[in-house]
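Below: target19.csv (CSV, C-alpha atoms)
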```csv
chain,number,residue,atom,x,y,z
V,1,MET,CA,35.5,-112.7,-40.9
V,2,ASN,CA,39.0,-113.5,-39.8
V,3,PHE,CA,40.5,-116.3,-41.9
V,4,GLY,CA,43.9,-116.2,-40.1
V,5,PHE,CA,45.1,-118.4,-37.3
V,6,THR,CA,44.5,-117.3,-33.7
V,7,GLU,CA,47.2,-116.2,-31.3
V,8,GLU,CA,46.9,-119.6,-29.5
V,9,GLN,CA,47.3,-121.5,-32.8
V,10,GLU,CA,50.4,-119.5,-33.7
V,11,LEU,CA,51.9,-120.2,-30.3
V,12,LEU,CA,51.2,-123.9,-30.9
V,13,ARG,CA,53.0,-123.6,-34.3
V,14,ASP,CA,56.0,-122.0,-32.6
V,15,GLN,CA,56.1,-124.8,-30.0
V,16,VAL,CA,56.1,-127.5,-32.7
V,17,ARG,CA,58.8,-125.7,-34.7
V,18,ARG,CA,60.9,-125.4,-31.7
V,19,PHE,CA,60.5,-129.1,-30.9
V,20,MET,CA,61.4,-130.1,-34.4
V,21,ARG,CA,64.4,-127.8,-34.5
V,22,GLU,CA,65.8,-128.8,-31.1
V,23,ALA,CA,64.6,-132.3,-30.3
V,24,CYS,CA,63.7,-134.0,-33.6
V,25,THR,CA,66.4,-132.7,-35.8
V,26,MET,CA,67.1,-133.9,-39.3
V,27,GLN,CA,70.1,-135.7,-38.0
V,28,LYS,CA,67.8,-137.5,-35.5
V,29,VAL,CA,65.3,-138.2,-38.3
V,30,ARG,CA,68.0,-139.8,-40.4
V,31,VAL,CA,69.1,-142.1,-37.6
V,32,LEU,CA,65.5,-143.2,-36.9
V,33,ALA,CA,64.8,-143.8,-40.6
V,34,LYS,CA,67.6,-146.4,-40.7
V,35,GLU,CA,66.0,-148.4,-37.8
V,36,GLN,CA,63.3,-151.0,-38.4
V,37,HIS,CA,60.8,-149.4,-36.1
V,38,GLY,CA,61.7,-145.8,-36.8
V,39,PHE,CA,60.5,-144.9,-33.3
V,40,ASP,CA,62.0,-143.0,-30.4
V,41,ALA,CA,60.2,-143.5,-27.0
V,42,GLU,CA,61.7,-140.4,-25.5
V,43,LEU,CA,60.5,-138.2,-28.3
V,44,TRP,CA,57.1,-139.8,-28.2
V,45,LYS,CA,56.8,-139.0,-24.5
V,46,GLN,CA,57.7,-135.4,-25.1
V,47,VAL,CA,55.1,-135.2,-27.8
V,48,ALA,CA,52.5,-136.7,-25.5
V,49,ASP,CA,53.5,-134.4,-22.6
V,50,LEU,CA,53.0,-131.4,-25.0
V,51,GLY,CA,49.4,-132.5,-25.5
V,52,TRP,CA,49.6,-133.0,-29.3
V,53,LEU,CA,48.3,-136.6,-29.3
V,54,GLY,CA,45.0,-135.5,-27.5
V,55,LEU,CA,44.3,-132.3,-29.4
V,56,ILE,CA,41.0,-133.6,-30.9
V,57,THR,CA,40.2,-135.8,-27.9
V,58,PRO,CA,37.4,-134.4,-25.8
V,59,GLU,CA,38.4,-133.1,-22.4
V,60,GLN,CA,36.4,-135.8,-20.6
V,61,TYR,CA,38.7,-138.4,-22.1
V,62,GLY,CA,42.0,-136.6,-21.2
V,63,GLY,CA,42.4,-134.5,-24.3
V,64,SER,CA,42.2,-130.8,-25.2
V,65,GLY,CA,38.9,-130.9,-27.1
V,66,LEU,CA,40.2,-128.8,-30.0
V,67,LYS,CA,39.5,-129.0,-33.7
V,68,TRP,CA,41.1,-130.4,-36.8
V,69,ILE,CA,42.2,-126.9,-37.8
V,70,ASP,CA,44.4,-126.8,-34.7
V,71,LEU,CA,45.7,-130.3,-35.5
V,72,THR,CA,46.6,-129.1,-38.9
V,73,VAL,CA,49.2,-126.7,-37.4
V,74,VAL,CA,50.9,-129.7,-35.7
V,75,LEU,CA,50.9,-131.9,-38.7
V,76,GLU,CA,52.1,-129.2,-41.0
V,77,GLU,CA,55.1,-128.5,-38.8
V,78,THR,CA,56.0,-132.1,-38.1
V,79,GLY,CA,55.8,-132.7,-41.9
V,80,ARG,CA,58.2,-129.8,-42.5
V,81,GLY,CA,60.8,-131.7,-40.5
V,82,LEU,CA,59.8,-135.2,-41.8
V,83,SER,CA,59.0,-136.4,-38.3
V,84,PRO,CA,58.9,-140.2,-38.2
V,85,LEU,CA,56.7,-140.3,-35.1
V,86,PRO,CA,53.3,-142.0,-35.5
V,87,ILE,CA,51.4,-138.8,-34.7
V,88,ALA,CA,49.0,-139.0,-37.7
V,89,SER,CA,48.3,-142.7,-37.1
V,90,GLN,CA,47.4,-141.9,-33.5
V,91,ILE,CA,45.2,-139.1,-34.4
V,92,LEU,CA,43.3,-141.0,-37.1
V,93,SER,CA,42.8,-143.9,-34.7
V,94,THR,CA,41.3,-141.4,-32.2
V,95,ALA,CA,39.0,-140.0,-34.9
V,96,ALA,CA,37.9,-143.6,-35.7
V,97,ILE,CA,37.1,-144.4,-32.1
V,98,LEU,CA,35.2,-141.1,-31.7
V,99,LYS,CA,33.2,-141.9,-34.8
V,100,THR,CA,32.4,-145.6,-34.3
V,101,GLY,CA,33.1,-146.5,-30.7
V,102,SER,CA,30.7,-146.8,-27.8
V,103,ALA,CA,30.9,-144.8,-24.7
V,104,SER,CA,32.9,-147.5,-23.0
V,105,HIS,CA,35.3,-147.8,-25.9
V,106,LYS,CA,36.0,-144.1,-25.6
V,107,SER,CA,36.4,-144.0,-21.9
V,108,ASP,CA,38.6,-147.1,-21.9
V,109,TRP,CA,40.8,-146.3,-24.9
V,110,LEU,CA,41.1,-142.6,-25.5
V,111,PRO,CA,42.8,-141.5,-22.3
V,112,ALA,CA,45.7,-144.0,-22.9
V,113,MET,CA,46.0,-142.8,-26.5
V,114,ALA,CA,45.9,-139.1,-25.5
V,115,ASP,CA,48.8,-139.6,-23.0
V,116,GLY,CA,50.8,-141.7,-25.4
V,117,SER,CA,50.9,-144.8,-23.3
V,118,ALA,CA,49.1,-146.8,-26.0
V,119,ILE,CA,50.0,-146.4,-29.7
V,120,CYS,CA,47.3,-147.3,-32.3
V,121,SER,CA,47.3,-147.5,-36.0
V,122,LEU,CA,44.2,-147.4,-38.3
V,123,ALA,CA,44.2,-149.5,-41.5
V,124,LEU,CA,41.2,-149.1,-43.8
V,125,TYR,CA,41.9,-150.3,-47.3
V,126,ASP,CA,44.0,-153.3,-48.5
V,127,ASP,CA,45.3,-151.4,-51.5
V,128,PRO,CA,46.5,-147.8,-51.2
V,129,ASN,CA,45.5,-147.2,-54.8
V,130,TRP,CA,41.9,-148.4,-54.5
V,131,ILE,CA,39.7,-146.2,-52.3
V,132,HIS,CA,36.3,-148.0,-52.2
V,133,PRO,CA,34.4,-150.2,-49.7
V,134,ASP,CA,35.2,-153.2,-51.9
V,135,ALA,CA,38.9,-152.6,-51.3
V,136,ILE,CA,38.4,-153.9,-47.8
V,137,GLN,CA,39.1,-157.6,-48.3
V,138,LEU,CA,40.0,-158.8,-44.8
V,139,GLU,CA,37.2,-161.2,-43.9
V,140,GLY,CA,35.7,-162.3,-40.6
V,141,ILE,CA,33.3,-165.1,-39.8
V,142,GLU,CA,30.9,-164.6,-36.9
V,143,ALA,CA,30.4,-167.4,-34.5
V,144,ASP,CA,29.2,-167.6,-30.9
V,145,GLY,CA,29.4,-163.9,-30.2
V,146,GLN,CA,32.9,-163.7,-31.7
V,147,VAL,CA,34.5,-162.9,-35.0
V,148,VAL,CA,37.3,-165.1,-36.5
V,149,LEU,CA,39.6,-163.2,-38.8
V,150,ASN,CA,41.8,-164.6,-41.5
V,151,GLY,CA,43.9,-162.6,-44.0
V,152,ALA,CA,46.3,-159.7,-44.1
V,153,LYS,CA,46.5,-156.0,-44.1
V,154,PRO,CA,49.4,-154.7,-46.2
V,155,PHE,CA,51.0,-151.2,-45.9
V,156,VAL,CA,49.8,-150.5,-42.4
V,157,ALA,CA,51.3,-147.3,-41.2
V,158,ASP,CA,53.6,-147.5,-38.2
V,159,ALA,CA,52.8,-151.1,-37.7
V,160,MET,CA,56.1,-152.0,-36.1
V,161,CYS,CA,55.7,-149.6,-33.2
V,162,ALA,CA,51.9,-149.8,-32.7
V,163,ASP,CA,50.5,-151.5,-29.6
V,164,TYR,CA,47.0,-151.8,-31.0
V,165,PHE,CA,45.4,-151.9,-34.5
V,166,LEU,CA,42.0,-150.9,-35.8
V,167,LEU,CA,41.6,-153.0,-39.0
V,168,ALA,CA,38.7,-152.6,-41.4
V,169,CYS,CA,37.2,-155.9,-42.2
V,170,LYS,CA,34.1,-157.5,-43.8
V,171,VAL,CA,31.8,-159.7,-41.7
V,172,GLY,CA,29.1,-160.9,-44.0
V,173,ASP,CA,27.8,-157.9,-45.9
V,174,ALA,CA,28.7,-155.4,-43.2
V,175,THR,CA,32.0,-153.5,-42.7
V,176,HIS,CA,33.6,-153.2,-39.3
V,177,LEU,CA,36.7,-152.1,-37.4
V,178,ALA,CA,38.3,-154.9,-35.5
V,179,ALA,CA,40.3,-153.7,-32.5
V,180,LEU,CA,43.4,-155.9,-31.9
V,181,HIS,CA,46.5,-156.1,-29.8
V,182,LYS,CA,49.8,-156.5,-31.5
V,183,ASP,CA,50.2,-159.9,-29.8
V,184,GLN,CA,47.2,-161.3,-31.7
V,185,VAL,CA,48.8,-160.7,-35.1
V,186,LYS,CA,52.0,-161.3,-37.0
V,187,ILE,CA,53.7,-158.1,-38.2
V,188,THR,CA,56.4,-158.0,-40.9
V,189,PRO,CA,58.1,-154.8,-42.0
V,190,GLN,CA,57.6,-153.4,-45.5
V,191,VAL,CA,60.2,-151.0,-46.8
V,192,PRO,CA,58.6,-147.9,-48.4
V,193,MET,CA,60.4,-145.4,-50.5
V,194,ASP,CA,60.2,-142.9,-47.7
V,195,LEU,CA,61.9,-144.5,-44.7
V,196,THR,CA,60.6,-141.8,-42.4
V,197,LYS,CA,57.1,-143.4,-42.9
V,198,PRO,CA,57.6,-147.0,-41.8
V,199,MET,CA,54.9,-149.5,-42.8
V,200,GLY,CA,54.2,-153.2,-42.1
V,201,ARG,CA,52.1,-156.1,-43.2
V,202,VAL,CA,49.7,-157.3,-40.5
V,203,VAL,CA,48.8,-161.0,-40.9
V,204,LEU,CA,45.8,-162.6,-39.1
V,205,ASP,CA,45.6,-166.4,-38.8
V,206,ASN,CA,42.4,-167.6,-37.1
V,207,VAL,CA,42.4,-164.6,-34.8
V,208,THR,CA,39.4,-164.6,-32.5
V,209,VAL,CA,37.9,-161.2,-31.5
V,210,ASP,CA,35.1,-160.7,-29.0
V,211,ALA,CA,32.1,-159.0,-30.4
V,212,GLU,CA,32.6,-156.0,-28.1
V,213,PHE,CA,35.9,-155.3,-29.9
V,214,VAL,CA,34.3,-155.3,-33.4
V,215,LEU,CA,33.0,-151.8,-34.1
V,216,PRO,CA,30.4,-151.1,-36.8
V,217,LEU,CA,31.7,-149.1,-39.7
V,218,ALA,CA,29.0,-147.6,-41.9
V,219,ARG,CA,29.9,-146.4,-45.4
V,220,ALA,CA,29.4,-142.8,-44.3
V,221,ASP,CA,31.9,-143.4,-41.4
V,222,LEU,CA,34.4,-145.1,-43.8
V,223,ALA,CA,34.2,-142.1,-46.2
V,224,PHE,CA,34.6,-139.6,-43.3
V,225,LEU,CA,37.7,-141.4,-41.9
V,226,THR,CA,39.2,-141.6,-45.4
V,227,ASP,CA,38.7,-137.8,-45.8
V,228,CYS,CA,40.3,-137.2,-42.4
V,229,GLY,CA,43.2,-139.3,-43.5
V,230,ALA,CA,43.5,-137.2,-46.7
V,231,VAL,CA,43.4,-134.0,-44.5
V,232,ALA,CA,46.2,-135.3,-42.3
V,233,VAL,CA,48.4,-136.4,-45.2
V,234,THR,CA,47.9,-133.1,-47.0
V,235,ALA,CA,48.8,-131.1,-43.9
V,236,GLU,CA,52.1,-133.0,-43.8
V,237,MET,CA,52.6,-132.3,-47.5
V,238,VAL,CA,52.1,-128.6,-47.0
V,239,GLY,CA,54.9,-128.4,-44.4
V,240,ALA,CA,57.2,-130.7,-46.4
V,241,ALA,CA,56.6,-128.7,-49.7
V,242,GLU,CA,57.3,-125.4,-47.9
V,243,GLN,CA,60.6,-126.8,-46.6
V,244,THR,CA,61.5,-128.1,-50.0
V,245,LEU,CA,61.1,-124.6,-51.3
V,246,ALA,CA,63.1,-123.1,-48.5
V,247,ILE,CA,66.0,-125.6,-48.9
V,248,THR,CA,66.1,-125.0,-52.7
V,249,SER,CA,65.9,-121.2,-52.4
V,250,ASP,CA,68.8,-121.2,-50.0
V,251,TYR,CA,70.8,-123.4,-52.3
V,252,ALA,CA,70.0,-121.1,-55.3
V,253,LYS,CA,71.4,-118.1,-53.4
V,254,GLU,CA,74.6,-119.9,-52.5
V,255,ARG,CA,75.4,-122.0,-55.6
V,256,ARG,CA,77.4,-120.0,-58.1
V,257,GLN,CA,77.7,-120.7,-61.8
V,258,PHE,CA,79.2,-118.4,-64.4
V,259,GLY,CA,80.2,-115.9,-61.8
V,260,LYS,CA,76.9,-115.4,-60.0
V,261,PRO,CA,74.3,-117.3,-57.9
V,262,ILE,CA,72.1,-119.6,-59.9
V,263,GLY,CA,69.1,-117.9,-58.3
V,264,GLN,CA,69.6,-114.9,-60.5
V,265,TYR,CA,68.9,-116.9,-63.6
V,266,GLN,CA,65.3,-116.7,-64.9
V,267,GLY,CA,65.0,-120.4,-65.4
V,268,VAL,CA,65.6,-120.9,-61.7
V,269,LYS,CA,63.6,-118.0,-60.5
V,270,HIS,CA,60.5,-118.9,-62.5
V,271,ARG,CA,60.4,-122.4,-61.2
V,272,LEU,CA,60.9,-121.3,-57.6
V,273,ALA,CA,58.0,-118.9,-58.2
V,274,ASP,CA,55.9,-121.7,-59.6
V,275,ILE,CA,56.6,-123.8,-56.5
V,276,TYR,CA,55.6,-121.0,-54.2
V,277,VAL,CA,52.3,-120.5,-56.1
V,278,ASP,CA,51.5,-124.2,-55.9
V,279,VAL,CA,52.3,-124.5,-52.2
V,280,GLU,CA,50.2,-121.4,-51.3
V,281,SER,CA,47.3,-122.8,-53.5
V,282,PHE,CA,47.0,-126.2,-51.9
V,283,LYS,CA,47.7,-124.8,-48.5
V,284,SER,CA,44.7,-122.6,-48.7
V,285,LEU,CA,42.6,-125.5,-49.9
V,286,LEU,CA,43.8,-127.6,-47.0
V,287,TYR,CA,43.0,-125.0,-44.4
V,288,TYR,CA,39.4,-124.9,-45.6
V,289,ALA,CA,39.1,-128.6,-45.7
V,290,ALA,CA,40.5,-128.9,-42.2
V,291,TRP,CA,37.9,-126.3,-41.0
V,292,THR,CA,35.0,-128.3,-42.6
V,293,VAL,CA,35.8,-131.5,-40.6
V,294,ASP,CA,34.3,-129.9,-37.5
V,295,ASP,CA,32.3,-126.9,-38.7
V,296,ALA,CA,30.9,-127.9,-42.1
V,297,PRO,CA,31.1,-131.7,-42.5
V,298,ASP,CA,28.8,-131.7,-45.5
V,299,GLU,CA,31.4,-129.7,-47.4
V,300,LEU,CA,34.3,-131.9,-46.4
V,301,PRO,CA,34.3,-134.4,-49.3
V,302,ARG,CA,34.6,-131.8,-52.0
V,303,ALA,CA,37.0,-129.6,-50.0
V,304,VAL,CA,39.4,-132.3,-49.1
V,305,SER,CA,39.4,-133.7,-52.7
V,306,LEU,CA,40.3,-130.3,-54.0
V,307,ALA,CA,43.2,-130.0,-51.6
V,308,LYS,CA,44.6,-133.6,-51.9
V,309,GLY,CA,44.0,-133.8,-55.6
V,310,TYR,CA,46.0,-130.6,-56.2
V,311,ALA,CA,48.7,-131.4,-53.6
V,312,SER,CA,49.3,-135.0,-54.9
V,313,ASP,CA,50.5,-133.8,-58.3
V,314,ALA,CA,52.0,-130.5,-57.3
V,315,PHE,CA,54.1,-131.9,-54.4
V,316,ALA,CA,55.4,-134.6,-56.7
V,317,ARG,CA,56.6,-131.9,-59.2
V,318,ILE,CA,58.0,-129.9,-56.4
V,319,GLY,CA,60.0,-132.8,-55.1
V,320,ILE,CA,61.5,-133.5,-58.5
V,321,ASP,CA,62.2,-129.8,-59.2
V,322,GLY,CA,63.8,-129.4,-55.8
V,323,VAL,CA,66.3,-132.2,-56.6
V,324,GLY,CA,66.7,-131.0,-60.1
V,325,LEU,CA,67.6,-127.4,-59.1
V,326,HIS,CA,70.3,-128.8,-56.9
V,327,GLY,CA,71.9,-130.4,-59.9
V,328,ALA,CA,73.5,-133.9,-59.7
V,329,ILE,CA,74.4,-133.3,-56.0
V,330,GLY,CA,70.7,-133.3,-55.1
V,331,PHE,CA,70.6,-137.0,-55.7
V,332,THR,CA,73.2,-137.8,-53.1
V,333,ALA,CA,72.3,-139.2,-49.7
V,334,GLU,CA,74.2,-136.4,-47.9
V,335,TYR,CA,71.7,-133.7,-49.1
V,336,ASP,CA,68.3,-133.5,-47.3
V,337,ILE,CA,66.5,-132.5,-50.5
V,338,GLN,CA,66.2,-136.1,-51.7
V,339,LEU,CA,64.4,-137.0,-48.5
V,340,TYR,CA,61.6,-134.6,-49.5
V,341,LEU,CA,61.4,-136.1,-53.0
V,342,LYS,CA,60.8,-139.5,-51.3
V,343,ARG,CA,58.2,-138.0,-49.0
V,344,SER,CA,56.3,-136.6,-52.1
V,345,LYS,CA,56.3,-140.1,-53.6
V,346,TRP,CA,55.0,-141.6,-50.4
V,347,ALA,CA,52.2,-139.0,-50.0
V,348,ARG,CA,50.9,-139.1,-53.5
V,349,PRO,CA,48.8,-142.2,-53.3
V,350,MET,CA,47.9,-142.1,-49.6
V,351,PHE,CA,44.1,-141.8,-49.0
V,352,GLY,CA,43.6,-141.2,-52.7
V,353,ASP,CA,45.8,-139.9,-55.5
V,354,SER,CA,45.0,-137.0,-57.8
V,355,ASP,CA,43.0,-139.2,-60.3
V,356,TYR,CA,40.7,-140.4,-57.5
V,357,HIS,CA,40.2,-137.0,-55.9
V,358,LEU,CA,39.8,-134.9,-59.0
V,359,ASP,CA,37.3,-137.5,-60.4
V,360,ARG,CA,35.5,-137.2,-57.2
V,361,VAL,CA,35.3,-133.4,-57.4
V,362,ALA,CA,33.9,-133.7,-60.9
V,363,THR,CA,31.3,-136.3,-59.7
V,364,LEU,CA,30.3,-134.1,-56.7
V,365,GLY,CA,30.0,-131.2,-59.1
V,366,GLY,CA,27.4,-133.1,-61.2
V,367,LEU,CA,29.7,-134.2,-64.1
```
Can you dump the structure from the file as structure tokens?
Amino acid sequence: MNFGFTEEQELLRDQVRRFMREACTMQKVRVLAKEQHGFDAELWKQVADLGWLGLITPEQYGGSGLKWIDLTVVLEETGRGLSPLPIASQILSTAAILKTGSASHKSDWLPAMADGSAICSLALYDDPNWIHPDAIQLEGIEADGQVVLNGAKPFVADAMCADYFLLACKVGDATHLAALHKDQVKITPQVPMDLTKPMGRVVLDNVTVDAEFVLPLARADLAFLTDCGAVAVTAEMVGAAEQTLAITSDYAKERRQFGKPIGQYQGVKHRLADIYVDVESFKSLLYYAAWTVDDAPDELPRAVSLAKGYASDAFARIGIDGVGLHGAIGFTAEYDIQLYLKRSKWARPMFGDSDYHLDRVATLGGL
């Protein structure tokens, strides 16, 4: 069995790397990170034209009909360059519609999402540190074929640039996804540690939603979308962690102390080797988890928890060591390495931290 990527997937990887190197440079990322929206319409159109937003969208809805393992290639490379574009949010929203939407929902919404003309963000839990159906606390009241929503969703990814939202809510004892336009809600920016991952608080004050825009969300579907979110975040972590290693290794070859490059000292070499082993380990776990999304969904929960559980702690250490091996200058804003430390802090709790995922692995193993 061939466990490597296909020629087409490698061509896709080269395409994404070239885009990040030529169009979405680190200088561009820094500029966008300082803006409230952190969004560039021209870059977004280029991404849409390249077909990345519709990778997992079936061909009948304007997409490519590929799999999550193909999508992982894109997210890994955009993560490597700390792309601030809402690609992951768009993909997770697509996954949610494919999982819970009706035929009319799919035909009406997915083509616009695949071509980038509509930007959508998915918000499941009201607390990023609590992954459980009870953590969905936005409530709706059903009346006359409509649902009236009151409450708020904090920490909604890419909220400031989204046109539409899929917000998890409780209506009675059942969980649903409410599809809303940005004009129906009030959005206030929230400043995360990682400015390349903009977030916002979505407030709903007596928002009335027609029943046709309230999608049923079974517990199994909620768990599946949470796992997909963990796969997406871990894919971005792989690329960012590899770039952290590359930046730090290059610095260790150039920085001289006591007459020779610091990379020649064992204390530096050993830590760089440890980083390499960590990255390769959770990268392999990620690839298997991404494969299970489409080809072995019963194995997805354990596979993704192994990957995200490992990556959450390992990438946090890698971010700290990357800055530490740069010395005091690593903490300065001029050096890119501190941006990767911030990305590691952002990624750690998203869709479950190491405590959540490793406990889950133990539970799935019968402990």
Per residue of range 212-260 of chain V within 10 Å of range 108-127 of chain V, what are the shortest atom pair and its distance in Å to one decimal, counting only C-alpha atoms, with rows by chain and residue number, as a tab-separated table?
```
residue	atom	partner	partner_atom	distance
V:Leu222	CA	V:Leu124	CA	7.9
V:Leu225	CA	V:Leu124	CA	8.7
V:Thr226	CA	V:Leu124	CA	7.9
V:Gly229	CA	V:Leu122	CA	9.7
```
Discussion item. Residues within 12 Å of Ala96 in chain V, please, as a ChimeraX atom specification. Count all atoms listed in the file; anything in the same chain fewer than 5 positions from it doesn't count.
Written reply: /V:56-57,89-91,101-102,105-106,109-110,120-124,165-168,176-179,215-218,221-229
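The closest residue to Leu66 in chain V, picked from V:Ala143, V:Asp210, V:Ala289, V:Asp294 and counting all atoms listed in the file, is V:Asp294.
Nearest to Ala235 in chain V of all the residues V:Gln266, V:Ser344, V:Thr72, V:Thr248 is V:Thr72, based on all atoms listed in the file.
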Worksheet item: So how many Å separate CA of Glu280 in chain V and CA of Ile247 in chain V, to one decimal?
Response: 16.5 Å
Worksheet item: Residues at most 9 Å from Ile87 in chain V, counting only C-alpha atoms, excluding those fewer than 6 positions away in the same chain, as a list in words?
Response: Trp44, Val47, Trp52, Leu53, Leu75 and Thr78 of chain V
List as a Markdown table every residue of range 186-217 of chain V that is in contact with range 9-30 of chain V, defined as an atom at most 12 Å from one of its atoms (using all atoms listed in the file), together with the nearest atom pair and the distance in Å rounded to one decimal, sorted by chain and then rising number.
```
| residue | atom | partner | partner_atom | distance |
| --- | --- | --- | --- | --- |
| V:Asp194 | CA | V:Arg30 | CA | 11.1 |
| V:Leu195 | CA | V:Arg30 | CA | 8.8 |
| V:Thr196 | CA | V:Val29 | CA | 7.2 |
| V:Lys197 | CA | V:Val29 | CA | 10.7 |
```
Discussion item. When you look at Pro128 in chain V with a cut-off of 8 Å (counting all atoms listed in the file), what residues show up, excluding the ones that are within fewer than 5 positions of it in the same chain? I need them as a PyMOL selection string.
Written reply: chain V and resi 155+349-352
Write to file, as a compact mmCIF listing (two decimals), in the frame of the given file, the residues of the selection just made, with C-alpha atoms.
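Writing done, so here's part.txt:
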```txt
# COMPACT_ATOMS: atom_id res chain seq x y z
CA PHE V 155 51.00 -151.20 -45.90
CA PRO V 349 48.80 -142.20 -53.30
CA MET V 350 47.90 -142.10 -49.60
CA PHE V 351 44.10 -141.80 -49.00
CA GLY V 352 43.60 -141.20 -52.70
```
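Put simply, CA of His270 in chain V is 18.4 Å away from CA of Asp313 in chain V.
Picture a line from CA of Arg343 in chain V to CA of Ala290 in chain V; it runs 21.0 Å.
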Write out as JSON an axis-aligned box for range 16-35 of chain V: all of its atoms listed in the file, 3 Å added on each side, centre and edge lengths in Å with one decimal.
```
{"center_x": 63.1, "center_y": -136.9, "center_z": -35.5, "size_x": 20.0, "size_y": 29.0, "size_z": 16.4}
```
Worksheet entry | Neighbours of point (57.4, -144.8, -38.5) within 9 Å, using all atoms listed in the file, written as a PyMOL selection string | chain V and resi 32-33+36-39+83-86+157-161+195-199
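Using all atoms listed in the file, the contacts of Ile187 in chain V at a cut-off of 9 Å, with sequence neighbours closer than 4 positions omitted, comprise Ala159, Met160, Lys182, Gly200, Arg201, Val202 and Val203 of chain V.
Remark: for Ala232 in chain V, the closest of the candidate residues V:Ile136, V:Val279, V:Ala307, V:Ala174 is V:Ala307 (distances computed over all atoms listed in the file).
Of the listed residues V:Gln46, V:Gln184, V:Gln243, V:Ser107, the one whose atoms come nearest to Gly62 in chain V is V:Ser107, with distances taken using all atoms listed in the file.
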Worksheet entry | Exercise: Phe331 in chain V partners within 12 Å, only C-alpha atoms, chain neighbours under 3 positions left out, as a VMD selection string | chain V and resid 319 to 328 334 to 342
Would you mind completing range 91-104 of chain V so that it carries N, CA and C atoms, and writing it out as a PDB file, keeping the file's coordinate frame?
```
ATOM      1  N   ILE V  91      46.271-139.969 -34.295  1.00  0.00           N
ATOM      2  CA  ILE V  91      45.200-139.100 -34.400  1.00  0.00           C
ATOM      3  C   ILE V  91      44.022-139.690 -35.237  1.00  0.00           C
ATOM      4  N   LEU V  92      44.360-140.390 -36.316  1.00  0.00           N
ATOM      5  CA  LEU V  92      43.300-141.000 -37.100  1.00  0.00           C
ATOM      6  C   LEU V  92      42.646-142.155 -36.364  1.00  0.00           C
ATOM      7  N   SER V  93      43.380-142.856 -35.537  1.00  0.00           N
ATOM      8  CA  SER V  93      42.800-143.900 -34.700  1.00  0.00           C
ATOM      9  C   SER V  93      41.819-143.246 -33.680  1.00  0.00           C
ATOM     10  N   THR V  94      42.221-142.114 -33.138  1.00  0.00           N
ATOM     11  CA  THR V  94      41.300-141.400 -32.200  1.00  0.00           C
ATOM     12  C   THR V  94      40.065-140.962 -32.922  1.00  0.00           C
ATOM     13  N   ALA V  95      40.186-140.450 -34.145  1.00  0.00           N
ATOM     14  CA  ALA V  95      39.000-140.000 -34.900  1.00  0.00           C
ATOM     15  C   ALA V  95      38.094-141.230 -35.177  1.00  0.00           C
ATOM     16  N   ALA V  96      38.682-142.399 -35.435  1.00  0.00           N
ATOM     17  CA  ALA V  96      37.900-143.600 -35.700  1.00  0.00           C
ATOM     18  C   ALA V  96      37.099-144.031 -34.456  1.00  0.00           C
ATOM     19  N   ILE V  97      37.738-143.971 -33.298  1.00  0.00           N
ATOM     20  CA  ILE V  97      37.100-144.400 -32.100  1.00  0.00           C
ATOM     21  C   ILE V  97      35.953-143.354 -31.723  1.00  0.00           C
ATOM     22  N   LEU V  98      36.237-142.078 -31.913  1.00  0.00           N
ATOM     23  CA  LEU V  98      35.200-141.100 -31.700  1.00  0.00           C
ATOM     24  C   LEU V  98      34.017-141.248 -32.586  1.00  0.00           C
ATOM     25  N   LYS V  99      34.264-141.713 -33.798  1.00  0.00           N
ATOM     26  CA  LYS V  99      33.200-141.900 -34.800  1.00  0.00           C
ATOM     27  C   LYS V  99      32.413-143.143 -34.622  1.00  0.00           C
ATOM     28  N   THR V 100      33.086-144.241 -34.293  1.00  0.00           N
ATOM     29  CA  THR V 100      32.400-145.600 -34.300  1.00  0.00           C
ATOM     30  C   THR V 100      32.337-146.240 -32.961  1.00  0.00           C
ATOM     31  N   GLY V 101      33.100-145.781 -31.986  1.00  0.00           N
ATOM     32  CA  GLY V 101      33.100-146.500 -30.700  1.00  0.00           C
ATOM     33  C   GLY V 101      31.980-146.142 -29.799  1.00  0.00           C
ATOM     34  N   SER V 102      31.741-147.027 -28.863  1.00  0.00           N
ATOM     35  CA  SER V 102      30.700-146.800 -27.800  1.00  0.00           C
ATOM     36  C   SER V 102      31.276-145.933 -26.736  1.00  0.00           C
ATOM     37  N   ALA V 103      30.424-145.582 -25.792  1.00  0.00           N
ATOM     38  CA  ALA V 103      30.900-144.800 -24.700  1.00  0.00           C
ATOM     39  C   ALA V 103      31.971-145.473 -23.872  1.00  0.00           C
ATOM     40  N   SER V 104      31.843-146.788 -23.697  1.00  0.00           N
ATOM     41  CA  SER V 104      32.900-147.500 -23.000  1.00  0.00           C
ATOM     42  C   SER V 104      34.166-147.620 -23.733  1.00  0.00           C
TER      43      SER V 104
END
```
